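To start, the structure under review is shown below, and the notes come after it.
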Amino acid sequence: MSGPVITVDLEKVEENSRVIVKFCREHGIAVMGVTKVTCGMPSVARAMISGGIRQLGESRIENIKRLRNSGIDVPITLLRIPPLSAAREVVMYTDCSLNSELPVMSELSAAAEELGKIHDVILMLDLGDLREGIWPDDLMTAARKVLELPGIHLRGLGTNLTCYGGVLPTQENMKTLALFANRIEEELNISLEIVSGGNSSSLDLVSRGQMPKRINQLRIGEAIMLGRETAFGKRWPGTSPDAFILKAELIEVKEKPSVPKGKTGMDAFGKKPVFTDRGLRKRGILNIGREDVVIEGLAPVIQGVSILGASSDHLLVDITDSKKELKLGSEVGFVMDYGALLAGMTSSYVIKEPILRGVVKQQKRIVLTGDSPVFSPSFFPEDMRMLGYSVEGPLPATEDTLIETMKQGAIPFVAGRDRLTLLGMKAMGSALGQSGFILIDSHPSLMSDPDAPEDRKVLSSALGLCDPSINVSTEFSPENIVLIGIRAADREESEIIRRMNITAFTMEDIDFLGIREVMRRSLRTAGAGTAGVYLSFCQNVIDGNGEGLTTRELHLAMELISRSGLMRCMDISGCLKRGQKDFSSLLHFTESVFGKRILIKD
Ligand SMILES: *Cc1c(COP(=O)(O)O)cnc(C)c1O
């Protein structure tokens with residue numbers, strides 16, 4: 001660990017979603033799962049969907065794009081009322097938006113007409129919290145006008161409470177909302193599909209049986225993420241409060257007095273600090289600060305640890321009474337409130353690490369697939385067996401064979417003259433679900449031109465950028481895709497890497513960071529929240545007159561992949577050069593991938 005990390009227990013997010021969805025369903029309410037506090041993190045959205053959420057809400061277009069890039073295809077509603085200047089984008093990327101301004105809805109309508117779409121809107125009614133919404137006196141006129149807009153479908157009425165004014169949802173104000181919904185239906189002779197009664201602060205009212213029947217949707221973020229309702233801040237029964245844990249490292253541990261020594265003025269934030277003398281205390285400094293989180297919103301997980309204060313980059317803790325032994329380099333975890341979570345998830349200094357449990361365990365079994373002239377069991381090094389692997393095959397590289405192999409936890413070794421990467425990825429997606437992808441190649445393989453050589457569009461095809469009928473981005477999120485060893489990329493490829501948030505390490509990056517660091521980051525990125533990693537290797541990455549990876553670098557890269565235990569499929573298909581006779585380097589790399597070291601140690 002080199003910086004602070006937020007771990008995300010996806011199973012807890014899933015279970016929290018399931019609890020909230022079930023509770024709401026019993027009261028005739030559909031849940032819109034709100035992902036904004038995680039900046040639209042795709043694995044979190046996916047966990048919510050596994051927990052029964054059927055629609056998502058997001059406050060920012062950037063986050064919606066992030067979700068869509070990762071193959072999330074449930075309806076997404078834009079929660080923050082759209083800016084006048086972004087109407088077109090809103091219509092392009094969202095299915096529905098919350099609105100309170102007629103001029104904006106006119107623009108949305110025009111954009112929708114131009115794009116040949118109908119955009120759904122939910123009109124927001126301000127019931128006194130004084131954030132977004134039309135004032136009740138103006139609602140009927142506004143609704144009438146909305147009906148005149150040809151590109152807009154008035155889908156529902158909603159309200160937002162307990163955000164700015166702290167106004168609580170009550171039976172009375174919810175009844176007002178329901179009454180207005182009925183009035184719109186009667187006077188304008190339409191039917192409103194949705195009456196959206198607020199956020200996590202409305203759950204308590206539902207549990208007391210006081211939510212009017214007419215309210216059929218809630219937009220829930222915090223209760224799912226942090227397991228609490230927000231009217232009174234009560235823990236929600238059956239949910240976990242610790243799906244998200246912030247972890248930082250102790251960078252100093254010393255015994256010091258509890259009161260500063262010397263004449264005191266202001267602290268780093270212009271405040272005059274006050275201290276109580278508790279004598280000599282064992283104090284620690286953690287590598288996180290106000291730049292990353294809201295310190296006041298943190299609560300240490302370890303009993304006996306308390307927070308003393310913080311500056312921009314340092315968090316001071318008293319660890320004298322810690323129930324766990326803490327020393328320099330130890331990790332200290334914190335649960336967060338909403339504000340701290342929001343800041344931490346938004347800070348680019350904090351690594352987000354989704355954790356997926358219940359992953360199929362990797363076996364020491366290699367199944368050769370494909371028609372490789374190089375890799376046959378007889379040719380496959382005896383060393384592989386010495387490393388403790390059993391080697392089977394070769395079997396024909398069919399999707400079924402690959403799926404079956406991976407489901408058993410064995411590792412398919414895909415080789416052969418044809419590039420079979422897409423087939424392998426499809427199989428891995430079906431067998432294991434959420435997966436990461438590491439491509440070691442001199443090209444990004446992200447061209448989308450139909451005339452581009454097959455080899456140059458492996459990844460663009462996988463992400464659905466070439467043929468819309470092929471798309472494995474639901475299983476292979478671009479956020480879990482890493483390219484290593486890039487020497488050349490065209491403009492379009494660079495643009496896709498940037499737009500889809502793909503991680504790429506060029507030869508320059510490797511020179512600069514060193515292959516060890518590159519692999520550490522790569523494995524972390526590709527492995528985060530996945531069942532394992534697909535490794536695709538193309539030998540053109542090697543050397544190339546000194547421009548590419550050296551043999552030593554490649555060996556180390558392969559060894560680090562091996563040690564991570566993350567690899568679930570190894571693919572070197574379609575990378576033999578025409579007329580190639582010497583396969584020894586390929587064989588050596590393969591051995592490294594499966595754990596061969598120069599000296600046998602354990
Ligand atoms: C953020 C937000 C929500 C979700 O609020 P939680 O308190 O996290 O449940 C709901 N509706 C709107 C309009 C929001 O902006």
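Identifiers for the structure tokens are assigned positionally: chains receive A, B, ... in sequence, residues are indexed from 1 per chain, and ligands are indexed from 1 in the order shown.
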Write out as a ChimeraX atom specification the residues lying within 12 Å of Asp455 in chain A, counting only C-alpha atoms and excluding same-chain residues fewer than 6 positions away.
-> /A:417-422,441-448,461,536-538,540,573-576
Could those residues be written to a file, using N, CA, C and O atoms, as a compact mmCIF listing (two decimals), in the first residue's frame?
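File written: selection.txt
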# COMPACT_ATOMS: atom_id res chain seq x y z
N ARG A 417 -2.59 -20.31 -34.40
CA ARG A 417 -2.25 -19.32 -35.42
C ARG A 417 -3.27 -18.18 -35.46
O ARG A 417 -2.93 -17.05 -35.76
N ASP A 418 -4.56 -18.51 -35.19
CA ASP A 418 -5.59 -17.46 -35.26
C ASP A 418 -5.70 -16.75 -33.93
O ASP A 418 -5.52 -17.35 -32.88
N ARG A 419 -6.06 -15.50 -34.00
CA ARG A 419 -6.26 -14.74 -32.77
C ARG A 419 -7.59 -15.15 -32.17
O ARG A 419 -8.64 -14.99 -32.79
N LEU A 420 -7.57 -15.70 -30.98
CA LEU A 420 -8.78 -16.23 -30.37
C LEU A 420 -9.20 -15.43 -29.13
O LEU A 420 -10.01 -15.87 -28.33
N THR A 421 -8.60 -14.23 -29.00
CA THR A 421 -8.80 -13.46 -27.78
C THR A 421 -10.27 -13.15 -27.50
O THR A 421 -10.75 -13.28 -26.37
N LEU A 422 -11.00 -12.77 -28.54
CA LEU A 422 -12.41 -12.42 -28.36
C LEU A 422 -13.21 -13.62 -27.86
O LEU A 422 -14.02 -13.51 -26.93
N ASP A 441 1.23 -5.90 -25.36
CA ASP A 441 1.28 -5.79 -26.82
C ASP A 441 1.86 -4.42 -27.16
O ASP A 441 1.78 -3.49 -26.36
N SER A 442 2.41 -4.27 -28.35
CA SER A 442 2.95 -2.96 -28.70
C SER A 442 1.86 -2.02 -29.23
O SER A 442 2.08 -0.84 -29.38
N HIS A 443 0.67 -2.60 -29.51
CA HIS A 443 -0.45 -1.77 -29.99
C HIS A 443 -1.63 -1.86 -29.04
O HIS A 443 -1.84 -2.90 -28.43
N PRO A 444 -2.44 -0.81 -28.97
CA PRO A 444 -3.61 -0.90 -28.09
C PRO A 444 -4.72 -1.81 -28.65
O PRO A 444 -5.61 -2.18 -27.92
N SER A 445 -4.67 -2.14 -29.94
CA SER A 445 -5.72 -2.97 -30.55
C SER A 445 -7.09 -2.36 -30.39
O SER A 445 -8.06 -3.05 -30.07
N LEU A 446 -7.17 -1.06 -30.57
CA LEU A 446 -8.45 -0.36 -30.36
C LEU A 446 -8.95 0.34 -31.62
O LEU A 446 -9.73 1.27 -31.55
N MET A 447 -8.47 -0.11 -32.79
CA MET A 447 -8.96 0.53 -34.02
C MET A 447 -10.40 0.10 -34.27
O MET A 447 -10.79 -1.00 -33.92
N SER A 448 -11.16 1.00 -34.90
CA SER A 448 -12.53 0.59 -35.18
C SER A 448 -12.83 0.58 -36.68
O SER A 448 -13.91 0.20 -37.10
N SER A 461 -13.20 -4.50 -30.68
CA SER A 461 -14.30 -5.44 -30.92
C SER A 461 -14.91 -5.89 -29.61
O SER A 461 -16.12 -5.92 -29.45
N SER A 536 -3.54 -11.50 -22.18
CA SER A 536 -3.30 -11.71 -23.60
C SER A 536 -1.92 -11.16 -23.93
O SER A 536 -1.60 -10.02 -23.61
N PHE A 537 -1.11 -12.00 -24.57
CA PHE A 537 0.27 -11.63 -24.81
C PHE A 537 0.58 -11.71 -26.30
O PHE A 537 0.23 -12.67 -26.97
N CYS A 538 1.19 -10.66 -26.81
CA CYS A 538 1.57 -10.67 -28.21
C CYS A 538 3.07 -10.43 -28.29
O CYS A 538 3.58 -9.45 -27.74
N ASN A 540 5.10 -9.30 -30.29
CA ASN A 540 5.69 -8.11 -30.91
C ASN A 540 6.06 -7.04 -29.88
O ASN A 540 6.66 -6.03 -30.19
N SER A 573 -2.58 -16.46 -28.55
CA SER A 573 -3.01 -16.87 -29.89
C SER A 573 -2.69 -15.81 -30.92
O SER A 573 -2.66 -14.62 -30.61
N GLY A 574 -2.46 -16.25 -32.14
CA GLY A 574 -2.31 -15.34 -33.28
C GLY A 574 -1.09 -14.47 -33.23
O GLY A 574 -1.02 -13.47 -33.93
N CYS A 575 -0.11 -14.82 -32.42
CA CYS A 575 1.02 -13.90 -32.33
C CYS A 575 2.32 -14.47 -32.90
O CYS A 575 3.36 -13.85 -32.82
N LEU A 576 2.22 -15.65 -33.48
CA LEU A 576 3.44 -16.20 -34.09
C LEU A 576 3.74 -15.43 -35.36
O LEU A 576 2.85 -15.10 -36.12
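Within range 118-175 of chain A, DSSP applied to the backbone places the following residues in strand (DSSP E): A:His119, A:Asp120, A:Val121, A:Ile122, A:Leu123, A:Met124, A:Ile152, A:His153, A:Leu154, A:Arg155, A:Gly156, A:Leu157, A:Gly158.
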Selection near Thr170 in chain A, 9 Å with only C-alpha atoms, sequence-local residues under 4 positions removed, as number ranges by chain | A: 174-175, 202, 205, 210-211
Given 7 Å and only C-alpha atoms and all ligand atoms, residues near ligand 1 as number ranges by chain = A: 34, 36, 59, 79-80, 160, 198-201, 219-223, 230
Closest-contact table, range 281-316 of chain A side, partner range 232-254 of chain A, 12 Å, counting only C-alpha atoms, as a tab-separated table:
residue	atom	partner	partner_atom	distance
A:Arg281	CA	A:Lys254	CA	8.2
A:Lys282	CA	A:Lys254	CA	5.7
A:Arg283	CA	A:Lys254	CA	5.4
A:Gly284	CA	A:Val253	CA	4.4
A:Ile285	CA	A:Glu252	CA	5.1
A:Leu286	CA	A:Leu250	CA	4.5
A:Asn287	CA	A:Glu249	CA	5.8
A:Ile288	CA	A:Ala248	CA	6.4
A:Gly289	CA	A:Ala248	CA	9.9
A:Asp292	CA	A:Leu246	CA	10.6
A:Val293	CA	A:Leu246	CA	9.5
A:Val294	CA	A:Leu246	CA	11.6
A:Ile295	CA	A:Leu246	CA	11.3
A:Gly297	CA	A:Leu246	CA	11.2
A:Leu298	CA	A:Leu246	CA	8.6
A:Ala299	CA	A:Leu246	CA	9.7
A:Pro300	CA	A:Leu246	CA	9.2
A:Val301	CA	A:Ile245	CA	8.6
A:Ile302	CA	A:Lys247	CA	11.3
A:Asp313	CA	A:Ala248	CA	11.3
A:His314	CA	A:Ile251	CA	9.2
A:Leu315	CA	A:Ala248	CA	9.2
A:Leu316	CA	A:Glu252	CA	9.4
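Here the question is which of A:Val146, A:Val533, A:Leu127, A:Gly409 gets nearest to Glu172 in chain A using only C-alpha atoms, and that residue is A:Leu127.
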